[in-house]
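**Q** Sharing entry_24.cif (mmCIF, C-alpha atoms and all ligand atoms) below.
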```cif
data_model
loop_
_atom_site.group_PDB
_atom_site.id
_atom_site.type_symbol
_atom_site.label_atom_id
_atom_site.label_comp_id
_atom_site.auth_asym_id
_atom_site.auth_seq_id
_atom_site.Cartn_x
_atom_site.Cartn_y
_atom_site.Cartn_z
ATOM 1 C CA MET F 26 71.451 52.293 -69.586
ATOM 2 C CA ARG F 27 74.262 52.723 -67.079
ATOM 3 C CA VAL F 28 74.171 54.919 -64.000
ATOM 4 C CA GLY F 29 75.848 55.020 -60.618
ATOM 5 C CA ASN F 30 78.849 53.047 -59.446
ATOM 6 C CA ARG F 31 77.938 49.610 -60.602
ATOM 7 C CA GLN F 32 80.672 47.050 -61.133
ATOM 8 C CA PRO F 33 79.514 44.734 -63.936
ATOM 9 C CA THR F 34 79.919 41.215 -62.588
ATOM 10 C CA VAL F 35 79.487 37.626 -63.719
ATOM 11 C CA GLU F 36 79.365 34.794 -61.225
ATOM 12 C CA TRP F 37 80.842 31.775 -62.959
ATOM 13 C CA GLN F 38 80.246 28.331 -61.561
ATOM 14 C CA VAL F 39 83.484 26.875 -62.883
ATOM 15 C CA CYS F 40 82.652 23.332 -61.769
ATOM 16 C CA GLY F 41 80.117 21.409 -59.747
ATOM 17 C CA VAL F 42 82.587 19.179 -57.991
ATOM 18 C CA CYS F 43 83.721 19.919 -54.441
ATOM 19 C CA ASN F 44 86.271 18.169 -52.260
ATOM 20 C CA TYR F 45 84.163 18.831 -49.132
ATOM 21 C CA ASP F 46 80.713 17.524 -48.225
ATOM 22 C CA CYS F 47 79.407 20.049 -45.709
ATOM 23 C CA SER F 48 76.202 19.014 -43.945
ATOM 24 C CA TYR F 49 74.684 22.476 -44.532
ATOM 25 C CA CYS F 50 75.650 22.833 -48.187
ATOM 26 C CA ILE F 51 72.800 24.439 -50.133
ATOM 27 C CA GLN F 52 73.918 22.539 -53.221
ATOM 28 C CA SER F 53 72.580 19.014 -53.065
ATOM 29 C CA ARG F 54 75.122 16.196 -53.190
ATOM 30 C CA SER F 55 73.800 15.079 -56.558
ATOM 31 C CA SER F 56 74.416 18.542 -58.011
ATOM 32 C CA ARG F 57 77.955 18.758 -56.659
ATOM 33 C CA THR F 58 79.399 17.017 -59.679
ATOM 34 C CA GLY F 59 80.896 18.106 -62.933
ATOM 35 C CA GLN F 60 84.327 18.947 -64.246
ATOM 36 C CA PRO F 61 84.604 21.397 -67.129
ATOM 37 C CA GLU F 62 86.254 20.034 -70.257
ATOM 38 C CA ALA F 63 88.862 22.036 -72.143
ATOM 39 C CA GLY F 64 86.382 22.871 -74.924
ATOM 40 C CA THR F 65 83.881 24.247 -72.409
ATOM 41 C CA VAL F 66 86.514 26.394 -70.722
ATOM 42 C CA GLU F 67 87.677 27.587 -74.109
ATOM 43 C CA GLY F 68 84.152 28.541 -75.182
ATOM 44 C CA LEU F 69 83.402 30.364 -71.942
ATOM 45 C CA LEU F 70 86.687 32.259 -72.037
ATOM 46 C CA GLY F 71 85.777 33.404 -75.537
ATOM 47 C CA PHE F 72 82.372 34.545 -74.280
ATOM 48 C CA PHE F 73 83.870 36.430 -71.341
ATOM 49 C CA GLY F 74 86.467 37.976 -73.632
ATOM 50 C CA ARG F 75 83.698 39.415 -75.812
ATOM 51 C CA LEU F 76 81.867 41.125 -72.954
ATOM 52 C CA PRO F 77 82.201 44.851 -73.552
ATOM 53 C CA GLY F 78 84.139 46.819 -70.969
ATOM 54 C CA ARG F 79 85.780 45.555 -67.830
ATOM 55 C CA TRP F 80 83.771 43.078 -65.812
ATOM 56 C CA GLU F 81 84.520 41.181 -62.634
ATOM 57 C CA ILE F 82 84.411 37.422 -63.152
ATOM 58 C CA LYS F 83 83.775 35.827 -59.768
ATOM 59 C CA MET F 84 84.531 32.127 -59.888
ATOM 60 C CA SER F 85 82.823 29.612 -57.637
ATOM 61 C CA GLY F 86 81.788 25.970 -57.725
ATOM 62 C CA GLY F 87 81.534 23.479 -56.069
ATOM 63 C CA GLU F 88 85.086 24.287 -55.236
ATOM 64 C CA PRO F 89 86.859 25.969 -58.159
ATOM 65 C CA PHE F 90 90.312 24.727 -57.160
ATOM 66 C CA ALA F 91 88.911 21.167 -57.401
ATOM 67 C CA ALA F 92 88.416 21.642 -61.135
ATOM 68 C CA ASP F 93 91.214 19.780 -62.908
ATOM 69 C CA LEU F 94 91.708 22.616 -65.398
ATOM 70 C CA PHE F 95 91.499 25.460 -62.914
ATOM 71 C CA MET F 96 95.170 26.330 -62.684
ATOM 72 C CA THR F 97 96.109 25.213 -66.195
ATOM 73 C CA HIS F 98 93.287 26.676 -68.313
ATOM 74 C CA VAL F 99 90.760 28.700 -66.313
ATOM 75 C CA VAL F 100 92.980 31.118 -64.390
ATOM 76 C CA PRO F 101 95.621 31.726 -67.072
ATOM 77 C CA GLY F 102 92.880 32.024 -69.696
ATOM 78 C CA LEU F 103 91.000 34.701 -67.789
ATOM 79 C CA VAL F 104 94.165 36.652 -67.053
ATOM 80 C CA GLU F 105 95.711 36.431 -70.513
ATOM 81 C CA ARG F 106 92.672 36.470 -72.779
ATOM 82 C CA THR F 107 90.370 38.933 -71.064
ATOM 83 C CA VAL F 108 90.754 42.337 -69.454
ATOM 84 C CA HIS F 109 88.449 41.448 -66.592
ATOM 85 C CA THR F 110 89.036 41.441 -62.871
ATOM 86 C CA VAL F 111 89.309 37.927 -61.464
ATOM 87 C CA SER F 112 87.680 36.994 -58.148
ATOM 88 C CA VAL F 113 87.216 33.649 -56.456
ATOM 89 C CA LEU F 114 85.136 31.975 -53.775
ATOM 90 C CA THR F 115 87.052 29.037 -52.319
ATOM 91 C CA ASN F 116 87.157 26.828 -49.261
ATOM 92 C CA LEU F 117 90.917 27.490 -49.177
ATOM 93 C CA SER F 118 91.701 23.782 -49.049
ATOM 94 C CA ALA F 119 94.083 23.857 -51.999
ATOM 95 C CA PRO F 120 97.682 23.124 -50.981
ATOM 96 C CA MET F 121 99.772 26.190 -50.262
ATOM 97 C CA PRO F 122 101.977 25.790 -53.359
ATOM 98 C CA VAL F 123 98.854 25.879 -55.537
ATOM 99 C CA LEU F 124 97.577 28.957 -53.736
ATOM 100 C CA GLU F 125 100.970 30.583 -54.209
ATOM 101 C CA ARG F 126 100.761 29.927 -57.946
ATOM 102 C CA PHE F 127 97.237 31.346 -58.013
ATOM 103 C CA ALA F 128 98.403 34.531 -56.264
ATOM 104 C CA ALA F 129 101.273 34.924 -58.702
ATOM 105 C CA ALA F 130 99.092 34.271 -61.765
ATOM 106 C CA THR F 131 96.432 36.798 -60.734
ATOM 107 C CA ARG F 132 98.759 39.492 -59.359
ATOM 108 C CA GLY F 133 97.401 42.911 -60.297
ATOM 109 C CA ARG F 134 94.157 41.356 -61.612
ATOM 110 C CA LEU F 135 92.611 39.847 -58.490
ATOM 111 C CA GLY F 136 89.530 41.610 -57.155
ATOM 112 C CA ILE F 137 88.430 39.615 -54.141
ATOM 113 C CA MET F 138 89.364 36.268 -52.693
ATOM 114 C CA SER F 139 86.557 35.052 -50.486
ATOM 115 C CA ALA F 140 87.663 32.150 -48.298
ATOM 116 C CA SER F 141 84.974 30.021 -46.689
ATOM 117 C CA LEU F 142 85.659 28.697 -43.212
ATOM 118 C CA HIS F 143 84.022 25.296 -42.734
ATOM 119 C CA LEU F 144 84.285 24.292 -39.099
ATOM 120 C CA GLU F 145 83.266 20.720 -39.925
ATOM 121 C CA ARG F 146 86.427 20.365 -41.944
ATOM 122 C CA VAL F 147 89.234 22.504 -40.538
ATOM 123 C CA ARG F 148 90.761 23.699 -37.299
ATOM 124 C CA VAL F 149 90.245 27.434 -37.001
ATOM 125 C CA ARG F 150 93.874 28.092 -36.076
ATOM 126 C CA ASP F 151 95.150 26.262 -39.172
ATOM 127 C CA PHE F 152 92.654 28.030 -41.415
ATOM 128 C CA VAL F 153 93.502 31.457 -40.028
ATOM 129 C CA ASP F 154 97.231 30.840 -40.441
ATOM 130 C CA LYS F 155 96.685 29.829 -44.059
ATOM 131 C CA ALA F 156 94.374 32.785 -44.656
ATOM 132 C CA VAL F 157 96.938 35.214 -43.249
ATOM 133 C CA ALA F 158 99.603 33.735 -45.524
ATOM 134 C CA MET F 159 97.285 34.057 -48.502
ATOM 135 C CA ARG F 160 96.322 37.608 -47.591
ATOM 136 C CA GLY F 161 100.012 38.455 -47.693
ATOM 137 C CA LEU F 162 100.514 36.780 -51.077
ATOM 138 C CA ILE F 163 97.711 38.441 -53.021
ATOM 139 C CA GLY F 164 99.024 41.949 -52.552
ATOM 140 C CA PRO F 165 97.422 45.132 -51.276
ATOM 141 C CA GLY F 166 95.344 45.782 -54.408
ATOM 142 C CA ALA F 167 93.134 42.747 -53.808
ATOM 143 C CA GLN F 168 90.578 42.182 -51.067
ATOM 144 C CA PHE F 169 90.523 39.128 -48.856
ATOM 145 C CA VAL F 170 87.557 38.102 -46.746
ATOM 146 C CA VAL F 171 86.779 35.096 -44.562
ATOM 147 C CA ASN F 172 83.148 34.032 -44.760
ATOM 148 C CA THR F 173 81.335 31.423 -42.748
ATOM 149 C CA VAL F 174 77.817 30.023 -42.605
ATOM 150 C CA LEU F 175 75.993 30.619 -39.319
ATOM 151 C CA VAL F 176 75.235 26.966 -38.637
ATOM 152 C CA PRO F 177 72.800 27.012 -35.673
ATOM 153 C CA SER F 178 74.510 24.256 -33.683
ATOM 154 C CA ARG F 179 77.895 25.984 -33.898
ATOM 155 C CA LEU F 180 77.230 29.617 -33.017
ATOM 156 C CA PRO F 181 79.544 29.784 -29.951
ATOM 157 C CA GLU F 182 82.360 28.248 -32.023
ATOM 158 C CA ILE F 183 81.668 30.723 -34.801
ATOM 159 C CA GLU F 184 81.807 33.652 -32.390
ATOM 160 C CA GLU F 185 85.219 32.482 -31.222
ATOM 161 C CA ALA F 186 86.358 31.895 -34.817
ATOM 162 C CA GLY F 187 85.249 35.402 -35.751
ATOM 163 C CA ARG F 188 87.359 36.851 -32.952
ATOM 164 C CA MET F 189 90.374 34.853 -34.158
ATOM 165 C CA VAL F 190 89.880 35.930 -37.761
ATOM 166 C CA GLU F 191 89.530 39.585 -36.850
ATOM 167 C CA SER F 192 92.404 39.606 -34.393
ATOM 168 C CA ALA F 193 94.576 38.228 -37.227
ATOM 169 C CA GLY F 194 93.688 41.396 -39.158
ATOM 170 C CA LEU F 195 91.275 39.695 -41.569
ATOM 171 C CA ARG F 196 87.739 40.654 -42.511
ATOM 172 C CA PHE F 197 85.079 38.300 -41.146
ATOM 173 C CA PHE F 198 81.855 37.913 -43.108
ATOM 174 C CA PRO F 199 79.095 35.810 -41.531
ATOM 175 C CA GLN F 200 76.285 34.447 -43.670
ATOM 176 C CA VAL F 201 72.889 33.271 -42.519
ATOM 177 C CA MET F 202 72.258 29.631 -43.382
ATOM 178 C CA LYS F 203 70.228 29.034 -46.521
ATOM 179 C CA VAL F 204 67.804 26.118 -46.730
ATOM 180 C CA LYS F 205 65.628 24.705 -49.466
ATOM 181 C CA THR F 206 62.311 26.000 -48.151
ATOM 182 C CA PRO F 207 60.122 28.711 -49.676
ATOM 183 C CA ALA F 208 61.566 31.203 -47.150
ATOM 184 C CA GLY F 209 65.068 30.123 -48.148
ATOM 185 C CA VAL F 210 66.691 31.010 -44.809
ATOM 186 C CA PHE F 211 67.017 28.840 -41.704
ATOM 187 C CA PRO F 212 64.508 29.909 -39.016
ATOM 188 C CA TYR F 213 66.822 30.553 -36.045
ATOM 189 C CA ASP F 214 65.077 30.072 -32.700
ATOM 190 C CA GLU F 215 64.683 32.682 -29.955
ATOM 191 C CA GLU F 216 67.895 31.609 -28.263
ATOM 192 C CA ASP F 217 70.005 31.808 -31.417
ATOM 193 C CA ARG F 218 68.471 34.917 -32.956
ATOM 194 C CA PRO F 219 70.296 37.501 -30.758
ATOM 195 C CA ARG F 220 73.611 35.733 -31.448
ATOM 196 C CA VAL F 221 72.928 35.762 -35.191
ATOM 197 C CA ASP F 222 71.947 39.436 -35.058
ATOM 198 C CA ALA F 223 75.112 40.286 -33.131
ATOM 199 C CA LEU F 224 77.304 38.316 -35.536
ATOM 200 C CA THR F 225 75.763 39.849 -38.644
ATOM 201 C CA GLY F 226 75.335 43.326 -37.191
ATOM 202 C CA SER F 227 71.624 43.168 -38.081
ATOM 203 C CA ALA F 228 70.727 44.793 -34.784
ATOM 204 C CA ASP F 229 72.817 47.801 -35.836
ATOM 205 C CA ARG F 230 71.382 47.702 -39.365
ATOM 206 C CA TYR F 231 74.743 47.078 -40.998
ATOM 207 C CA GLY F 232 74.459 46.298 -44.679
ATOM 208 C CA PRO F 233 75.685 43.718 -47.173
ATOM 209 C CA LEU F 234 79.335 44.711 -46.764
ATOM 210 C CA ARG F 235 79.291 43.409 -43.209
ATOM 211 C CA ALA F 236 77.331 40.159 -43.556
ATOM 212 C CA ASN F 237 74.935 38.191 -45.703
ATOM 213 C CA THR F 238 71.538 38.385 -44.047
ATOM 214 C CA ALA F 239 69.645 37.390 -47.230
ATOM 215 C CA PRO F 240 67.428 40.490 -47.203
ATOM 216 C CA SER F 241 64.495 41.260 -49.457
ATOM 217 C CA TYR F 242 64.880 43.894 -52.155
ATOM 218 C CA HIS F 243 61.426 43.153 -53.498
ATOM 219 C CA GLY F 244 60.181 45.928 -55.762
ATOM 220 C CA ARG F 245 63.512 47.713 -56.028
ATOM 221 C CA PRO F 246 65.083 48.149 -59.466
ATOM 222 C CA CYS F 247 67.806 45.592 -60.035
ATOM 223 C CA TRP F 248 70.397 45.389 -62.784
ATOM 224 C CA ALA F 249 70.481 41.582 -62.632
ATOM 225 C CA GLY F 250 70.457 40.403 -66.213
ATOM 226 C CA VAL F 251 71.860 43.757 -67.355
ATOM 227 C CA GLU F 252 75.223 44.167 -65.654
ATOM 228 C CA TYR F 253 75.146 41.152 -63.352
ATOM 229 C CA PHE F 254 74.393 37.544 -64.191
ATOM 230 C CA THR F 255 75.406 34.004 -63.355
ATOM 231 C CA VAL F 256 76.874 31.372 -65.657
ATOM 232 C CA THR F 257 76.672 27.677 -64.832
ATOM 233 C CA GLN F 258 79.348 25.113 -65.599
ATOM 234 C CA THR F 259 77.476 24.261 -68.802
ATOM 235 C CA GLY F 260 77.296 27.873 -69.938
ATOM 236 C CA ASP F 261 73.671 28.606 -69.047
ATOM 237 C CA ALA F 262 73.295 32.259 -68.099
ATOM 238 C CA TRP F 263 70.679 33.386 -65.578
ATOM 239 C CA ALA F 264 69.801 36.878 -64.411
ATOM 240 C CA CYS F 265 70.557 35.998 -60.769
ATOM 241 C CA ARG F 266 70.530 33.098 -58.353
ATOM 242 C CA SER F 267 66.917 33.638 -57.321
ATOM 243 C CA ALA F 268 65.892 33.809 -60.957
ATOM 244 C CA LYS F 269 67.650 30.506 -61.596
ATOM 245 C CA ARG F 270 66.054 28.909 -58.542
ATOM 246 C CA GLU F 271 62.617 29.921 -59.819
ATOM 247 C CA LYS F 272 63.557 28.881 -63.360
ATOM 248 C CA GLU F 273 62.997 32.442 -64.567
ATOM 249 C CA GLY F 274 65.379 34.948 -66.073
ATOM 250 C CA PHE F 275 67.179 32.557 -68.430
ATOM 251 C CA LEU F 276 69.414 34.692 -70.650
ATOM 252 C CA GLY F 277 70.699 32.054 -73.058
ATOM 253 C CA ASN F 278 73.759 29.847 -73.258
ATOM 254 C CA ALA F 279 77.244 31.303 -73.404
ATOM 255 C CA LEU F 280 78.593 28.391 -75.453
ATOM 256 C CA ASP F 281 76.082 28.549 -78.287
ATOM 257 C CA GLY F 282 76.114 32.339 -78.557
ATOM 258 C CA SER F 283 72.502 32.820 -77.483
ATOM 259 C CA VAL F 284 73.036 35.013 -74.400
ATOM 260 C CA ARG F 285 71.067 38.246 -74.615
ATOM 261 C CA LEU F 286 71.460 40.641 -71.731
ATOM 262 C CA ARG F 287 68.609 42.928 -70.754
ATOM 263 C CA ASP F 288 68.750 46.608 -71.651
ATOM 264 C CA ASP F 289 67.214 47.964 -68.477
ATOM 265 C CA PRO F 290 66.774 47.064 -64.812
ATOM 266 C CA GLU F 291 63.575 45.403 -63.636
ATOM 267 C CA PRO F 292 61.911 45.478 -60.213
ATOM 268 C CA CYS F 293 63.034 42.552 -58.057
ATOM 269 C CA SER F 294 60.217 40.034 -57.765
ATOM 270 C CA TYR F 295 61.849 37.723 -55.199
ATOM 271 C CA ARG F 296 61.338 37.517 -51.488
ATOM 272 C CA MET F 297 65.037 37.271 -50.652
ATOM 273 C CA CYS F 298 68.352 37.974 -52.280
ATOM 274 C CA PRO F 299 70.569 35.041 -51.312
ATOM 275 C CA CYS F 300 73.941 36.471 -52.236
ATOM 276 C CA THR F 301 75.545 39.839 -51.432
ATOM 277 C CA VAL F 302 77.412 40.107 -54.740
ATOM 278 C CA PRO F 303 74.647 42.044 -56.567
ATOM 279 C CA ALA F 304 74.163 44.453 -53.656
ATOM 280 C CA ASN F 305 77.873 44.988 -53.130
ATOM 281 C CA ARG F 306 78.419 45.620 -56.844
ATOM 282 C CA GLY F 307 75.803 48.386 -56.846
ATOM 283 C CA MET F 308 73.128 46.450 -58.760
ATOM 284 C CA ILE F 309 70.172 47.302 -56.548
ATOM 285 C CA GLY F 310 68.654 50.752 -56.806
ATOM 286 C CA GLU F 311 66.351 52.642 -54.503
ATOM 287 C CA GLU F 312 62.589 52.146 -54.638
HETATM 288 S S1 LIG A 401 82.788 23.663 -49.424
HETATM 289 FE FE1 LIG A 401 81.026 24.838 -50.144
HETATM 290 S S2 LIG A 401 80.340 23.796 -52.038
HETATM 291 FE FE2 LIG A 401 81.709 22.394 -50.939
HETATM 292 S S3 LIG A 401 80.320 21.097 -49.716
HETATM 293 FE FE3 LIG A 401 81.008 22.793 -48.394
HETATM 294 S S4 LIG A 401 79.406 24.380 -48.620
HETATM 295 FE FE4 LIG A 401 79.179 22.922 -50.336
HETATM 296 S S1 LIG A 402 67.067 38.482 -55.903
HETATM 297 FE FE1 LIG A 402 68.714 40.021 -55.719
HETATM 298 S S2 LIG A 402 69.868 39.882 -57.629
HETATM 299 FE FE2 LIG A 402 67.908 38.840 -57.962
HETATM 300 S S3 LIG A 402 66.536 40.401 -58.849
HETATM 301 FE FE3 LIG A 402 66.235 40.450 -56.618
HETATM 302 S S4 LIG A 402 67.654 42.000 -55.831
HETATM 303 FE FE4 LIG A 402 68.306 41.457 -57.919
#
```
How does this structure look as structure tokens?

**A**
Amino acid sequence: MRVGNRQPTVEWQVCGVCNYDCSYCIQSRSSRTGQPEAGTVEGLLGFFGRLPGRWEIKMSGGEPFAADLFMTHVVPGLVERTVHTVSVLTNLSAPMPVLERFAAATRGRLGIMSASLHLERVRVRDFVDKAVAMRGLIGPGAQFVVNTVLVPSRLPEIEEAGRMVESAGLRFFPQVMKVKTPAGVFPYDEEDRPRVDALTGSADRYGPLRANTAPSYHGRPCWAGVEYFTVTQTGDAWACRSAKREKEGFLGNALDGSVRLRDDPEPCSYRMCPCTVPANRGMIGEE
């Protein structure tokens, strides 16, 4: 079943390892480990290559550029052995020569480069300069966006950073802070809430293209598990991030050939959708 303008998408956690250790990272320190071996990369590339049609493979981690095989196996493999669009979520800490090689290798095949601004780790001016350089390298056919987590203690800094990002001609994409509670989202206090609403555009009811407000799509039909799914660094495929968190929606393992995608959408049964990728790829239907 395929209707509408959905962009079939896989989110691939290339590695667990990250070169940063952000205080607000939703991935626990103990889970931020793991380097893919050549055989794993090989097996997953074969799996992606067999997906019918043209998908978007959005790579994340950890930090994907921190994977030893990222530039030697992962990126060239996706470009040369699949027809899919290549996207990446990165903290943009890789040295400029590496980023230049990435831009060259993915030219004409890059969908979106999403660069995360971590104020604990970088000076905004340096990050924006690097982001502008990267925006210029990836070419007009690809999108570039700067995202940042709305860390409650840093909202004034984030407002200023947003102005700098936008005045450099880049898209700024704030994200509410996720926490490991049943609600899943940090409970901003009365003082912070108007700032968060202004940053995300929630007050003006802007949608998932403007910011990640972790909304609820409970009850709405969702193509997670049909034309969207996530793959961990060990090849486990899950219908979506919420499904994985609740240990539901396991689709099989991409390395042992057991992945079975669903035929039809199912109503969302989760209280929040933590990531805007499904919404922005058209996966969520009307009630
Ligand atoms: S860069 Fe991302 S994955 Fe790495 S520690 Fe920071 S928030 Fe976590
Ligand atoms: S949490 Fe999001 S991706 Fe998962 S089923 Fe619900 S709407 Fe779909």

**Q** Could you report the residues within 12 Å of ligand LIG 401 (chain A), using only C-alpha atoms and all ligand atoms, as a PyMOL selection string?

**A** chain F and resi 38-58+85-91+114-119+139-147+172-176+200+202-204

**Q** Once the PyMOL selection byres (((chain F and resi 100) around 12) and not hetatm) has been evaluated on this model, what residues remain selected, and can you format them as a VMD selection string?

**A** chain F and resid 39 66 to 67 70 82 to 84 89 to 90 92 to 99 101 to 107 109 to 113 123 to 124 126 to 132 134 to 135

**Q** Please, what distance in Å, to one decimal, runs between atom CA of Asn237 of chain F and atom CA of Pro303 of chain F?

**A**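 Computing the Euclidean distance for atom CA of Asn237 of chain F and atom CA of Pro303 of chain F yields 11.5 Å.
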
**Q** Evaluate the PyMOL selection byres (((chain F and resi 207) around 12) and not hetatm) and record the selected residues as a ChimeraX atom specification, following the chain and residue labels used in the document.

**A** /F:203-206,208-212,267,270-271,295-297

**Q** Could you please extract the residues within 12 Å of ligand LIG 402 (chain A), counting all atoms listed in the file, and hand them back as a PyMOL selection string?

**A** chain F and resi 34-36+209+233+237+239-255+263-271+273-274+290-312

**Q** Calculate how many Å separate atom CA of Phe72 of chain F from atom CA of Asp288 of chain F, rounding to one decimal.

**A** 18.4 Å

**Q** Once the PyMOL selection byres (((chain F and resi 215-229) around 8) and not hetatm) has been applied to the shown file, what residues remain in the selection, as a PyMOL selection string?

**A** chain F and resi 175+177+180+184+198-201+213-214+230-232+235-238

**Q** Could you check the closest approach to Val256 of chain F for each of F:Trp37, F:Met138, F:Gly78, F:Gly133 and tell me which residue wins, using only C-alpha atoms?

**A**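 Comparing F:Trp37, F:Met138, F:Gly78, F:Gly133 against Val256 of chain F, the winner is F:Trp37.
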
**Q** Using all atoms listed in the file for the distances, tell me which of F:Glu185, F:Ile137, F:Ala279, F:Arg148 is nearest to Gln168 of chain F.

**A**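 Nearest to Gln168 of chain F: F:Ile137.
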
**Q** Please compute the atom CA of Glu81 of chain F-atom CA of Gln32 of chain F distance, one decimal, in Å.

**A**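 These two atoms are separated by 7.2 Å.
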
**Q** So which one's closest to Leu280 of chain F, F:Pro33, F:Pro61, F:Pro122, F:Gly71? Using only C-alpha atoms, please.

**A** F:Gly71

**Q** Using only C-alpha atoms, which of the listed residues (F:Met121, F:Gly194, F:Gly136, F:Glu182) sits closest to Val153 of chain F?

**A**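 Closest to Val153 of chain F, using only C-alpha atoms: F:Gly194.
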
**Q** Box time for segment 78-86 of chain F: axis-aligned, enclosing all its listed atoms, 8 Å extra on each side; report centre and edge lengths in Å to one decimal, as JSON.

**A**
```
{"center_x": 83.8, "center_y": 36.4, "center_z": -64.3, "size_x": 20.0, "size_y": 36.8, "size_z": 29.3}
```

**Q** I want to know what sits within 9 Å of segment 154-157 of chain F, based on all atoms listed in the file, with residues of the same chain fewer than 4 positions away left out; could you give that as number ranges by chain?

**A** F: 117, 121, 140, 149-150, 161-162, 169-171, 190, 193-195
